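The file upload_3.tsv contains TSV, C-alpha atoms:
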```
chain	number	residue	atom	x	y	z
A	1	MET	CA	-102.69	81.22	23.05
A	2	THR	CA	-106.16	82.52	22.35
A	3	VAL	CA	-107.34	85.28	20.06
A	4	ARG	CA	-107.68	87.60	23.05
A	5	ASP	CA	-104.18	87.23	24.46
A	6	GLY	CA	-102.84	90.35	22.78
A	7	TRP	CA	-105.92	92.31	23.72
A	8	ALA	CA	-105.54	91.21	27.34
A	9	VAL	CA	-101.97	92.54	27.32
A	10	LEU	CA	-103.24	95.90	26.05
A	11	ASP	CA	-105.63	95.87	28.98
A	12	THR	CA	-103.15	94.90	31.70
A	13	ALA	CA	-99.56	95.82	30.79
A	14	THR	CA	-98.10	98.83	32.57
A	15	ALA	CA	-95.32	101.31	31.87
A	16	ASN	CA	-93.06	102.95	34.43
A	17	ALA	CA	-91.04	106.08	33.55
A	18	VAL	CA	-87.58	105.44	34.98
A	19	GLY	CA	-85.39	108.13	33.47
A	20	VAL	CA	-84.66	110.87	30.95
A	21	ARG	CA	-81.43	110.27	29.03
A	22	ARG	CA	-79.55	111.38	25.94
A	23	ALA	CA	-80.75	109.22	23.06
A	24	GLY	CA	-77.19	108.42	22.02
A	25	ASP	CA	-76.59	106.88	25.44
A	26	VAL	CA	-79.59	104.53	25.49
A	27	ILE	CA	-80.65	103.80	21.89
A	28	ASP	CA	-78.13	101.73	19.91
A	29	ALA	CA	-79.43	102.89	16.52
A	30	VAL	CA	-78.73	106.55	17.32
A	31	GLY	CA	-75.23	107.84	16.76
A	32	ARG	CA	-73.21	110.35	14.79
A	33	ARG	CA	-75.27	111.19	11.69
A	34	SER	CA	-77.49	108.17	12.46
A	35	TYR	CA	-80.91	109.54	13.33
A	36	LEU	CA	-84.40	108.19	13.83
A	37	HIS	CA	-87.57	109.51	12.16
A	38	ALA	CA	-91.31	109.00	12.55
A	39	GLY	CA	-93.41	106.62	10.50
A	40	PRO	CA	-92.46	103.83	8.12
A	41	GLN	CA	-89.03	103.88	6.51
A	42	VAL	CA	-88.46	106.94	4.35
A	43	GLU	CA	-85.67	107.39	1.82
A	44	PRO	CA	-83.72	110.69	1.82
A	45	GLY	CA	-85.26	111.80	-1.47
A	46	GLU	CA	-88.77	111.31	-0.06
A	47	VAL	CA	-88.33	113.38	3.10
A	48	VAL	CA	-91.09	115.99	3.37
A	49	GLY	CA	-90.49	119.63	4.28
A	50	PRO	CA	-91.03	119.55	8.05
A	51	MET	CA	-89.03	116.34	8.49
A	52	ARG	CA	-86.24	117.83	6.41
A	53	GLY	CA	-86.34	120.93	8.59
A	54	ALA	CA	-86.02	118.77	11.70
A	55	ILE	CA	-83.09	116.80	10.27
A	56	LEU	CA	-81.25	119.98	9.30
A	57	GLY	CA	-81.90	121.45	12.74
A	58	ALA	CA	-80.61	118.26	14.37
A	59	LEU	CA	-77.37	118.49	12.39
A	60	VAL	CA	-76.84	122.02	13.70
A	61	LEU	CA	-77.83	120.94	17.21
A	62	GLU	CA	-75.23	118.16	17.16
A	63	GLY	CA	-72.47	120.51	15.99
A	64	GLU	CA	-72.03	118.61	12.71
A	65	VAL	CA	-72.35	121.87	10.74
A	66	PRO	CA	-72.29	125.59	11.56
A	67	ASP	CA	-75.60	126.50	9.94
A	68	LEU	CA	-78.67	125.25	8.08
A	69	ASP	CA	-77.15	125.80	4.63
A	70	ALA	CA	-74.24	123.53	5.48
A	71	ALA	CA	-76.69	121.05	7.00
A	72	ALA	CA	-78.64	120.94	3.73
A	73	GLN	CA	-75.47	120.23	1.77
A	74	LEU	CA	-74.51	117.42	4.15
A	75	PHE	CA	-77.94	115.82	4.05
A	76	ASP	CA	-78.29	116.14	0.28
A	77	ALA	CA	-74.91	114.45	-0.12
A	78	GLY	CA	-76.35	111.35	1.58
A	79	LYS	CA	-74.29	111.69	4.76
A	80	VAL	CA	-77.15	111.04	7.21
A	81	ASP	CA	-78.49	107.56	7.97
A	82	LEU	CA	-82.22	107.43	8.75
A	83	GLN	CA	-84.19	104.68	10.46
A	84	PRO	CA	-87.77	104.56	11.78
A	85	CYS	CA	-88.20	105.21	15.49
A	86	HIS	CA	-90.35	102.09	15.78
A	87	SER	CA	-87.44	99.88	14.68
A	88	ALA	CA	-85.49	101.08	17.73
A	89	SER	CA	-88.23	100.66	20.40
A	90	ALA	CA	-88.92	104.39	20.15
A	91	VAL	CA	-91.68	106.74	19.04
A	92	GLY	CA	-91.36	110.33	17.91
A	93	ALA	CA	-94.06	112.97	17.64
A	94	MET	CA	-94.58	114.55	14.18
A	95	ALA	CA	-91.21	114.46	12.33
A	96	GLY	CA	-89.90	112.29	15.15
A	97	VAL	CA	-86.25	113.10	14.48
A	98	VAL	CA	-84.01	111.73	17.24
A	99	SER	CA	-80.30	112.56	17.27
A	100	PRO	CA	-77.66	111.68	19.90
A	101	SER	CA	-78.26	114.64	22.23
A	102	THR	CA	-82.05	114.41	22.05
A	103	PRO	CA	-83.38	113.92	25.61
A	104	VAL	CA	-85.70	110.91	25.65
A	105	VAL	CA	-88.10	109.61	28.26
A	106	VAL	CA	-87.22	106.04	29.20
A	107	VAL	CA	-90.11	103.79	30.22
A	108	GLU	CA	-89.72	100.24	31.42
A	109	ALA	CA	-91.95	97.20	31.86
A	110	GLU	CA	-91.76	94.74	34.72
A	111	ASN	CA	-89.90	92.30	32.46
A	112	GLY	CA	-87.22	94.87	31.62
A	113	HIS	CA	-88.36	95.83	28.12
A	114	LYS	CA	-87.91	99.54	27.43
A	115	ALA	CA	-89.33	102.19	25.11
A	116	PHE	CA	-88.30	105.77	24.39
A	117	ALA	CA	-89.82	109.08	23.27
A	118	PRO	CA	-88.22	112.54	22.93
A	119	LEU	CA	-89.14	115.10	25.57
A	120	ASN	CA	-91.81	117.48	24.28
A	121	GLU	CA	-90.55	120.95	23.35
A	122	GLY	CA	-93.92	122.72	23.46
A	123	LEU	CA	-96.39	123.82	20.81
A	124	GLY	CA	-95.87	125.93	17.70
A	125	ARG	CA	-92.27	126.47	16.66
A	126	ALA	CA	-90.60	123.19	17.59
A	127	LEU	CA	-88.13	120.89	15.88
A	128	ARG	CA	-90.70	118.11	15.64
A	129	PHE	CA	-92.83	120.42	13.46
A	130	GLY	CA	-89.86	121.32	11.26
A	131	ALA	CA	-88.95	124.64	12.90
A	132	ASN	CA	-85.18	125.00	13.25
A	133	ASP	CA	-84.28	128.62	14.02
A	134	ALA	CA	-81.79	129.71	16.66
A	135	GLY	CA	-84.44	129.86	19.38
A	136	VAL	CA	-85.50	126.25	18.71
A	137	ILE	CA	-81.89	125.04	18.83
A	138	GLU	CA	-81.14	127.01	22.01
A	139	ARG	CA	-84.15	125.49	23.76
A	140	LEU	CA	-83.13	121.97	22.72
A	141	ARG	CA	-79.61	122.51	24.04
A	142	TRP	CA	-81.02	123.67	27.38
A	143	MET	CA	-83.31	120.64	27.48
A	144	SER	CA	-80.39	118.30	26.84
A	145	ALA	CA	-77.84	119.95	29.14
A	146	VAL	CA	-80.04	121.15	32.03
A	147	LEU	CA	-83.57	119.77	31.96
A	148	ALA	CA	-82.86	116.12	31.16
A	149	PRO	CA	-80.23	115.43	33.88
A	150	VAL	CA	-82.40	116.94	36.61
A	151	LEU	CA	-85.48	114.99	35.49
A	152	ASP	CA	-83.40	111.82	35.29
A	153	ASP	CA	-82.15	112.27	38.84
A	154	ALA	CA	-85.67	113.11	40.04
A	155	LEU	CA	-87.19	109.99	38.47
A	156	ARG	CA	-84.43	107.74	39.76
A	157	SER	CA	-84.71	109.10	43.30
A	158	MET	CA	-88.44	108.43	43.43
A	159	GLY	CA	-88.24	104.97	41.85
A	160	GLY	CA	-90.00	106.05	38.67
A	161	ILE	CA	-93.57	107.07	37.93
A	162	ASP	CA	-96.41	104.76	36.87
A	163	ILE	CA	-97.41	106.29	33.53
A	164	THR	CA	-100.34	103.95	33.02
A	165	ALA	CA	-101.86	105.13	36.29
A	166	LEU	CA	-101.48	108.77	35.18
A	167	GLN	CA	-103.22	107.92	31.88
A	168	VAL	CA	-106.08	106.30	33.80
A	169	GLU	CA	-106.46	109.38	35.99
A	170	GLY	CA	-106.05	111.71	33.03
A	171	LEU	CA	-109.24	110.39	31.41
A	172	ARG	CA	-111.10	111.05	34.67
A	173	ARG	CA	-109.87	114.65	34.58
A	174	GLY	CA	-110.77	115.49	30.98
A	175	ASP	CA	-107.72	114.41	28.97
A	176	GLU	CA	-107.53	111.83	26.21
A	177	CYS	CA	-103.73	111.58	26.68
A	178	HIS	CA	-102.76	112.33	23.09
A	179	ASN	CA	-103.71	115.81	21.92
A	180	ARG	CA	-105.08	116.90	25.31
A	181	ASN	CA	-102.75	116.41	28.28
A	182	VAL	CA	-103.57	119.40	30.46
A	183	ALA	CA	-104.56	117.53	33.61
A	184	SER	CA	-101.98	114.79	33.12
A	185	THR	CA	-99.21	117.36	32.67
A	186	ALA	CA	-100.26	119.06	35.91
A	187	ALA	CA	-100.23	115.74	37.74
A	188	LEU	CA	-96.82	114.82	36.29
A	189	THR	CA	-95.34	118.21	37.20
A	190	ILE	CA	-96.59	117.93	40.77
A	191	ARG	CA	-95.10	114.44	41.10
A	192	LEU	CA	-91.74	115.56	39.72
A	193	ALA	CA	-91.49	118.90	41.54
A	194	PRO	CA	-89.96	117.66	44.84
A	195	GLY	CA	-87.27	115.73	42.98
A	196	VAL	CA	-86.57	118.67	40.69
A	197	ILE	CA	-86.13	120.96	43.69
A	198	GLU	CA	-83.86	118.41	45.36
A	199	HIS	CA	-81.62	117.69	42.35
A	200	ALA	CA	-81.49	121.01	40.48
A	201	PRO	CA	-78.17	122.83	41.00
A	202	ASP	CA	-79.93	125.93	42.33
A	203	SER	CA	-83.40	127.33	43.00
A	204	LYS	CA	-83.43	129.39	39.80
A	205	THR	CA	-82.86	126.29	37.69
A	206	ALA	CA	-85.51	124.36	39.62
A	207	ALA	CA	-88.02	127.14	39.06
A	208	ALA	CA	-87.21	127.25	35.33
A	209	ILE	CA	-87.71	123.49	34.97
A	210	ILE	CA	-91.01	123.45	36.85
A	211	GLU	CA	-92.20	126.45	34.84
A	212	PHE	CA	-91.22	124.72	31.58
A	213	LEU	CA	-93.01	121.48	32.47
A	214	GLY	CA	-96.14	123.11	33.82
A	215	GLY	CA	-96.29	125.74	31.10
A	216	ASN	CA	-96.24	123.22	28.26
A	217	PRO	CA	-99.66	121.50	28.05
A	218	HIS	CA	-98.04	118.60	26.20
A	219	SER	CA	-95.26	117.78	28.65
A	220	PHE	CA	-97.05	114.54	29.47
A	221	LEU	CA	-97.37	113.52	25.80
A	222	SER	CA	-93.83	112.13	25.60
A	223	PHE	CA	-94.50	109.95	28.65
A	224	SER	CA	-97.87	108.85	27.28
A	225	MET	CA	-96.40	107.95	23.88
A	226	ALA	CA	-93.50	105.98	25.33
A	227	GLY	CA	-95.87	104.13	27.66
A	228	ALA	CA	-98.21	103.31	24.78
A	229	LYS	CA	-95.31	102.03	22.68
A	230	LEU	CA	-94.19	99.75	25.50
A	231	VAL	CA	-97.69	98.31	25.97
A	232	ALA	CA	-98.34	97.93	22.23
A	233	ASP	CA	-95.05	96.12	21.69
A	234	ALA	CA	-95.88	93.76	24.54
A	235	ALA	CA	-99.19	92.95	22.83
A	236	HIS	CA	-97.39	92.42	19.52
A	237	ARG	CA	-95.02	89.89	21.06
A	238	CYS	CA	-97.96	87.73	22.11
A	239	GLY	CA	-98.48	86.89	18.45
A	240	THR	CA	-102.23	87.35	18.59
A	241	ARG	CA	-103.32	87.55	15.00
A	242	GLY	CA	-104.82	90.67	13.41
A	243	LEU	CA	-104.32	93.21	16.20
A	244	VAL	CA	-103.04	96.65	15.17
A	245	THR	CA	-99.95	97.41	17.22
A	246	ALA	CA	-98.70	100.63	15.59
A	247	ILE	CA	-100.03	103.45	13.42
A	248	ALA	CA	-97.61	106.06	12.10
A	249	GLY	CA	-96.95	108.48	9.25
A	250	ASN	CA	-93.88	110.03	7.62
A	251	GLY	CA	-95.64	112.71	5.56
A	252	ARG	CA	-95.53	110.53	2.44
A	253	ARG	CA	-97.08	107.32	3.68
A	254	MET	CA	-99.03	106.21	6.69
A	255	GLY	CA	-98.49	102.68	7.85
A	256	ILE	CA	-99.76	100.11	10.29
A	257	ARG	CA	-98.10	97.22	12.07
A	258	VAL	CA	-100.30	94.19	12.67
A	259	SER	CA	-99.57	91.19	14.86
A	260	GLY	CA	-98.96	88.15	12.68
A	261	LEU	CA	-97.26	90.18	9.94
A	262	ASP	CA	-93.64	91.25	9.79
A	263	SER	CA	-93.61	94.62	8.04
A	264	TRP	CA	-95.42	97.91	7.60
A	265	ILE	CA	-98.51	97.95	5.42
A	266	THR	CA	-98.81	101.41	3.94
A	267	ALA	CA	-100.97	103.83	1.97
A	268	PRO	CA	-100.53	107.46	0.93
A	269	ALA	CA	-100.55	109.70	4.01
A	270	PRO	CA	-103.91	111.50	4.38
A	271	VAL	CA	-104.30	115.15	5.29
A	272	GLY	CA	-107.52	114.72	7.25
A	273	ASN	CA	-109.63	117.57	8.53
A	274	PRO	CA	-107.36	120.04	10.35
A	275	LYS	CA	-108.56	122.96	12.41
A	276	LEU	CA	-105.95	125.49	11.33
A	277	PHE	CA	-104.34	128.28	13.29
A	278	ASP	CA	-105.05	131.82	12.12
A	279	GLY	CA	-103.22	132.76	8.94
A	280	PHE	CA	-102.90	129.25	7.49
A	281	THR	CA	-104.87	127.43	4.79
A	282	PHE	CA	-105.56	123.77	4.06
A	283	ASP	CA	-102.83	123.77	1.42
A	284	ASP	CA	-100.29	124.63	4.14
A	285	ALA	CA	-100.88	121.38	6.05
A	286	CYS	CA	-98.44	118.52	5.54
A	287	PRO	CA	-100.03	115.05	5.22
A	288	MET	CA	-100.09	112.88	8.33
A	289	MET	CA	-96.79	112.54	10.14
A	290	GLY	CA	-95.74	111.13	13.50
A	291	ASP	CA	-95.72	108.09	15.80
A	292	SER	CA	-97.98	109.56	18.49
A	293	LEU	CA	-100.90	107.61	17.01
A	294	VAL	CA	-99.64	104.66	19.05
A	295	THR	CA	-101.84	106.13	21.79
A	296	GLU	CA	-104.92	105.25	19.71
A	297	VAL	CA	-103.63	101.68	19.49
A	298	ILE	CA	-103.98	101.23	23.26
A	299	GLY	CA	-107.39	102.94	23.56
A	300	LEU	CA	-106.48	106.59	24.08
A	301	GLY	CA	-106.46	109.62	21.76
A	302	ALA	CA	-109.34	109.52	19.29
A	303	PHE	CA	-110.60	106.34	20.96
A	304	ALA	CA	-111.15	108.33	24.18
A	305	LEU	CA	-112.45	111.62	22.76
A	306	SER	CA	-115.69	111.50	24.74
A	307	ALA	CA	-113.58	111.78	27.91
A	308	ALA	CA	-112.18	115.12	26.70
A	309	PRO	CA	-115.02	117.34	25.45
A	310	ALA	CA	-112.89	120.49	25.81
A	311	ILE	CA	-110.57	119.27	23.07
A	312	SER	CA	-113.24	120.06	20.47
A	313	SER	CA	-112.19	123.70	20.65
A	314	TYR	CA	-108.67	122.69	19.56
A	315	ILE	CA	-109.33	120.02	16.94
A	316	GLY	CA	-112.75	121.10	15.67
A	317	GLY	CA	-116.12	119.41	15.91
A	318	SER	CA	-118.37	119.34	18.95
A	319	PRO	CA	-118.58	117.27	22.16
A	320	SER	CA	-121.47	115.28	20.68
A	321	ALA	CA	-119.43	114.54	17.54
A	322	LEU	CA	-116.59	113.28	19.71
A	323	LYS	CA	-118.94	110.78	21.34
A	324	ASP	CA	-120.03	109.62	17.91
A	325	TYR	CA	-116.44	108.90	16.91
A	326	VAL	CA	-115.89	106.79	20.03
A	327	ALA	CA	-119.13	104.86	19.44
A	328	GLU	CA	-118.00	104.15	15.88
A	329	MET	CA	-114.60	102.89	17.04
A	330	ARG	CA	-116.31	100.37	19.32
A	331	GLN	CA	-117.41	98.53	16.18
A	332	ILE	CA	-113.84	97.79	15.08
A	333	THR	CA	-112.13	96.94	18.36
A	334	ARG	CA	-111.99	93.72	20.35
A	335	GLY	CA	-113.36	95.12	23.58
A	336	GLY	CA	-113.54	97.92	26.09
A	337	SER	CA	-110.69	98.79	28.41
A	338	SER	CA	-111.14	97.81	32.03
A	339	ARG	CA	-109.00	100.74	33.23
A	340	PHE	CA	-109.31	103.59	30.69
A	341	LEU	CA	-112.79	104.67	31.76
A	342	ILE	CA	-114.93	107.51	30.40
A	343	PRO	CA	-116.93	109.40	33.04
A	344	ALA	CA	-119.35	110.84	30.45
A	345	GLU	CA	-120.23	107.29	29.35
A	346	GLU	CA	-121.08	106.00	32.83
A	347	PHE	CA	-117.42	104.97	33.24
A	348	ARG	CA	-117.53	102.64	30.28
A	349	GLY	CA	-114.10	101.57	29.05
A	350	THR	CA	-112.62	103.10	25.92
A	351	PRO	CA	-112.71	100.96	22.75
A	352	MET	CA	-109.38	99.16	22.57
A	353	GLY	CA	-107.60	96.76	20.27
A	354	ILE	CA	-108.17	97.62	16.60
A	355	ASP	CA	-109.05	94.40	14.76
A	356	VAL	CA	-108.24	94.35	11.03
A	357	GLU	CA	-110.92	91.73	10.46
A	358	ALA	CA	-113.55	94.02	11.99
A	359	VAL	CA	-112.35	96.95	9.88
A	360	ALA	CA	-112.58	94.83	6.72
A	361	ARG	CA	-115.98	93.44	7.67
A	362	THR	CA	-117.64	96.72	8.68
A	363	GLY	CA	-115.92	99.05	6.22
A	364	ILE	CA	-115.21	101.46	9.12
A	365	ALA	CA	-111.72	102.94	9.02
A	366	PRO	CA	-110.16	104.11	12.29
A	367	VAL	CA	-109.88	107.79	13.14
A	368	VAL	CA	-106.92	109.44	14.85
A	369	ASN	CA	-106.43	112.75	16.59
A	370	ASN	CA	-103.30	114.45	15.29
A	371	GLY	CA	-101.34	117.67	14.89
A	372	PHE	CA	-100.35	119.23	11.58
A	373	ALA	CA	-97.05	120.76	10.51
A	374	HIS	CA	-96.54	123.23	7.68
A	375	ARG	CA	-95.53	121.56	4.43
A	376	SER	CA	-92.40	123.70	4.27
A	377	ALA	CA	-89.35	123.37	6.48
A	378	GLY	CA	-88.72	125.92	9.21
A	379	ILE	CA	-92.28	127.11	9.88
A	380	GLY	CA	-93.75	124.75	12.49
A	381	GLN	CA	-97.24	123.75	13.57
A	382	VAL	CA	-100.29	124.97	11.65
A	383	GLY	CA	-103.14	123.20	13.44
A	384	ALA	CA	-104.67	119.97	14.78
A	385	GLY	CA	-107.66	117.85	13.94
A	386	ILE	CA	-109.31	114.49	13.30
A	387	THR	CA	-108.05	112.28	10.48
A	388	ARG	CA	-109.89	109.30	9.02
A	389	LEU	CA	-107.25	106.76	8.02
A	390	PRO	CA	-107.25	105.04	4.64
A	391	ILE	CA	-109.00	101.69	4.98
A	392	GLU	CA	-106.83	99.90	2.43
A	393	PRO	CA	-103.91	98.93	4.75
A	394	PHE	CA	-106.29	97.35	7.25
A	395	VAL	CA	-108.05	95.32	4.56
A	396	ALA	CA	-104.72	94.35	3.04
A	397	ALA	CA	-103.48	93.17	6.46
A	398	HIS	CA	-106.61	91.07	6.95
A	399	ASN	CA	-106.20	89.49	3.52
A	400	ALA	CA	-102.50	88.85	4.10
A	401	LEU	CA	-103.27	87.01	7.32
A	402	LEU	CA	-105.84	84.88	5.54
A	403	ASP	CA	-103.26	84.04	2.87
A	404	LEU	CA	-100.60	83.08	5.40
A	405	GLY	CA	-102.47	80.08	6.69
A	406	ALA	CA	-102.58	78.60	10.17
A	407	GLY	CA	-98.95	77.40	10.27
A	408	ASP	CA	-97.04	80.40	9.00
A	409	TRP	CA	-98.43	83.50	10.67
A	410	MET	CA	-96.94	82.72	14.07
A	411	ALA	CA	-93.40	82.44	12.72
A	412	SER	CA	-93.65	85.83	11.02
A	413	ALA	CA	-95.05	87.70	14.00
A	414	GLY	CA	-92.63	90.08	15.62
A	415	ARG	CA	-89.83	90.17	13.05
A	416	ARG	CA	-88.11	93.49	12.41
A	417	TRP	CA	-89.28	94.83	15.77
A	418	GLY	CA	-85.90	94.47	17.39
A	419	GLU	CA	-87.14	91.65	19.61
```
Let's see the structure in the file written out as structure tokens.
Amino acid sequence: MTVRDGWAVLDTATANAVGVRRAGDVIDAVGRRSYLHAGPQVEPGEVVGPMRGAILGALVLEGEVPDLDAAAQLFDAGKVDLQPCHSASAVGAMAGVVSPSTPVVVVEAENGHKAFAPLNEGLGRALRFGANDAGVIERLRWMSAVLAPVLDDALRSMGGIDITALQVEGLRRGDECHNRNVASTAALTIRLAPGVIEHAPDSKTAAAIIEFLGGNPHSFLSFSMAGAKLVADAAHRCGTRGLVTAIAGNGRRMGIRVSGLDSWITAPAPVGNPKLFDGFTFDDACPMMGDSLVTEVIGLGAFALSAAPAISSYIGGSPSALKDYVAEMRQITRGGSSRFLIPAEEFRGTPMGIDVEAVARTGIAPVVNNGFAHRSAGIGQVGAGITRLPIEPFVAAHNALLDLGAGDWMASAGRRWGE
């Protein structure tokens, strides 16, 4: 193996969306009162407001309890087992709570490896942001009982959809495939529409599904996240030393996974620089939370901001500032993607493959492009923005690899990833 093997996988591996299933049917770690969450492992007493809101909502959704008060009593009694999504080949946006009936996108590699991400509910009041009122629960039940089976049948009938190809085209059409998915969602909806019409039980249901997909500008995000997870895990398995293969937060801590090391390296979760919705203040924003930052790992999101100038109106900044961020990220990555191309940069590839040695050497910490939930349970999204990550985990990872020595790092690579 060479130092570029993992990077080459990032540049060539593909992900095919093959189904939409109930999480309890396809993820072994998900079961009755056994749920997944975003970010590094979090203990029940550490759970932040929006993640707590999502867990309580999931308990109601699953019929474990009749209401949120009873859900709080059950959770506080220690009756819910929590594991990170990443430990189960999954990724979850924001709180990332996955319970048995959660509909998840299933993506598959040519070698049969799979990854999963919950279907996106839409912006604002959503379970992933900690909202858990009756309307949120009703929508999730419809998604599980109606939306997911039709999408699953549609994907199966068409032999799946190449998500990597949609990401490539998304950058050409003004997306960065993390916080901006407008064009990619339109392309996905168009691809799925014939299968939805064919497999929906009636025309009214088909129309409702197509309207839901097309009306949610983040419908593609679940597919993009799952595809990025699949590609990043493939790069991790190569054992190439010092390549960042996951970035995630749980509202308490942010963490990174690095090839050659066997556990999360963490720091306090930052708040960043959110552009807040009307009526909210900086103090309302929960520190960084979610697994969607895996898109940055493969060269999308904040590493492709110059492809999506329109996103500046959503996350703050200006189109010129977005270009500056991408230029800066080129200094800490191992190369430019050969397929994720930026039209505004003469079709130059996005910076890809965060190198902990380069971060330590340059003193440049990566940036990510993320959403923000309210600190309190039950409220939902309060904004989006750019977050500069703490540099300490990247430096610590670099130093840990130096300490391991030439003979030991290979044996430790990949442990606790379920491989």
Quiz prompt | Spatial neighbours of Ile163 in chain A, 12 Å, all atoms listed in the file, chain gap at least 6 places, as a VMD selection string | solution = chain A and resid 13 to 18 105 to 109 155 169 to 170 177 184 to 185 187 to 188 191 220 to 231
Worksheet item: In terms of the shortest atom-to-atom distance over only C-alpha atoms, which of A:Asn273, A:Thr164, A:Ser34, A:Asn370 is closest to Ile55 in chain A?
Response: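 Closest to Ile55 in chain A, using only C-alpha atoms: A:Ser34.
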Could you tell me which of A:Ala70, A:Leu123, A:Ala206, A:Ala193 comes closest to Arg180 in chain A if we count only C-alpha atoms?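 So, comparing all the options, the nearest one is A:Leu123.
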Exercise. In Å, how far is it from CA of Thr266 in chain A to CA of Met254 in chain A?
Worked result: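 For CA of Thr266 in chain A relative to CA of Met254 in chain A, the distance reads 5.5 Å.
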Exercise for review: Could you give me, as a list of chain:residue names, the residues that sit within 6 Å of (-82.6, 114.4, 43.6) in the file's coordinates, counting only C-alpha atoms?
Suggested key: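 With a cut-off of 6 Å, the residues come to A:Asp153, A:Ala154, A:Ser157, A:Gly195, A:Glu198, A:His199.
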Rounded to one decimal, what separation in Å do you get between CA of Glu176 in chain A and CA of Ala304 in chain A?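 Separation of CA of Glu176 in chain A and CA of Ala304 in chain A: 5.4 Å.
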Exercise. Which polymer residues, protein or nucleic acid, are no farther than 12 Å from (-115.6, 102.5, 32.0), counting all atoms listed in the file, as a list in words?
Worked result: Val168, Leu171, Arg172, Gly299, Ala304, Ser306, Ala307, Gly335, Gly336, Ser337, Ser338, Arg339, Phe340, Leu341, Ile342, Pro343, Ala344, Glu345, Glu346, Phe347, Arg348, Gly349, Thr350, Pro351 and Met352 of chain A
Shortest contact to Gly39 in chain A, candidates A:Asn399, A:Asn250, A:Gln83, A:Gln331, atoms counted all atoms listed in the file, goes to A:Asn250
Given all atoms listed in the file as the counted atoms, nearest of A:Thr102, A:Gln73, A:Thr295, A:Gln41 to Ile247 in chain A: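 Of all the options, A:Thr295 lies closest to Ile247 in chain A.
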| task | Find, counting all atoms listed in the file, the residue in A:Asp324, A:Gly174, A:Ala232, A:Met289 that gets nearest to Pro309 in chain A. | result |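 Nearest candidate to Pro309 in chain A out of A:Asp324, A:Gly174, A:Ala232, A:Met289: A:Gly174.
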Practice problem: Tell me, as a ChimeraX atom specification, which residues lie within 12 Å of Glu138 in chain A, counting all atoms listed in the file; anything in the same chain fewer than 5 positions away does not count. | Solution: /A:57-58,60-62,121,126-127,132-133,143-146
As a check of understanding: the span from CA of Val20 in chain A to CA of Ala88 in chain A is 16.5 Å
Give me the residues near Met288 in chain A as a list in words, where near means some atom within 10 Å (using only C-alpha atoms) and where sequence neighbours in that chain fewer than 5 positions away do not count.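 Using only C-alpha atoms, the neighbours found are Gly39, Met94, Ala95, Ala248, Gly249, Asn250, Gly251, Arg252, Arg253, Met254, Pro268, Ala269, Pro270, Val271, Gly272, Asn370, Gly371, Phe372, Ala373, Thr387 and Leu389 of chain A.
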Quiz item: Contacts of Pro103 in chain A at 12 Å or less, counting only C-alpha atoms, minus same-chain residues fewer than 3 places along, as a ChimeraX atom specification?
Solution: /A:19-27,92,97-100,106,116-121,139-152,222
Check the smallest atom-to-atom distance from each of A:His178, A:His113, A:Arg128, A:Arg156 to Arg237 in chain A using all atoms listed in the file, then report the winner.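 Ranked by minimum distance to Arg237 in chain A, first place goes to A:His113.
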Taking only residues of range 348-395 of chain A that have an atom at most 8 Å from an atom of range 49-52 of chain A, what is each one's shortest atom pair and its distance in Å to one decimal, using only C-alpha atoms, in chain and number order, as a tab-separated table?
```
residue	atom	partner	partner_atom	distance
A:Ala373	CA	A:Pro50	CA	6.6
A:His374	CA	A:Pro50	CA	6.6
A:Arg375	CA	A:Gly49	CA	5.4
A:Ser376	CA	A:Gly49	CA	4.5
A:Ala377	CA	A:Pro50	CA	4.5
A:Gly378	CA	A:Pro50	CA	6.9
A:Ile379	CA	A:Pro50	CA	7.9
A:Gly380	CA	A:Pro50	CA	7.4
```
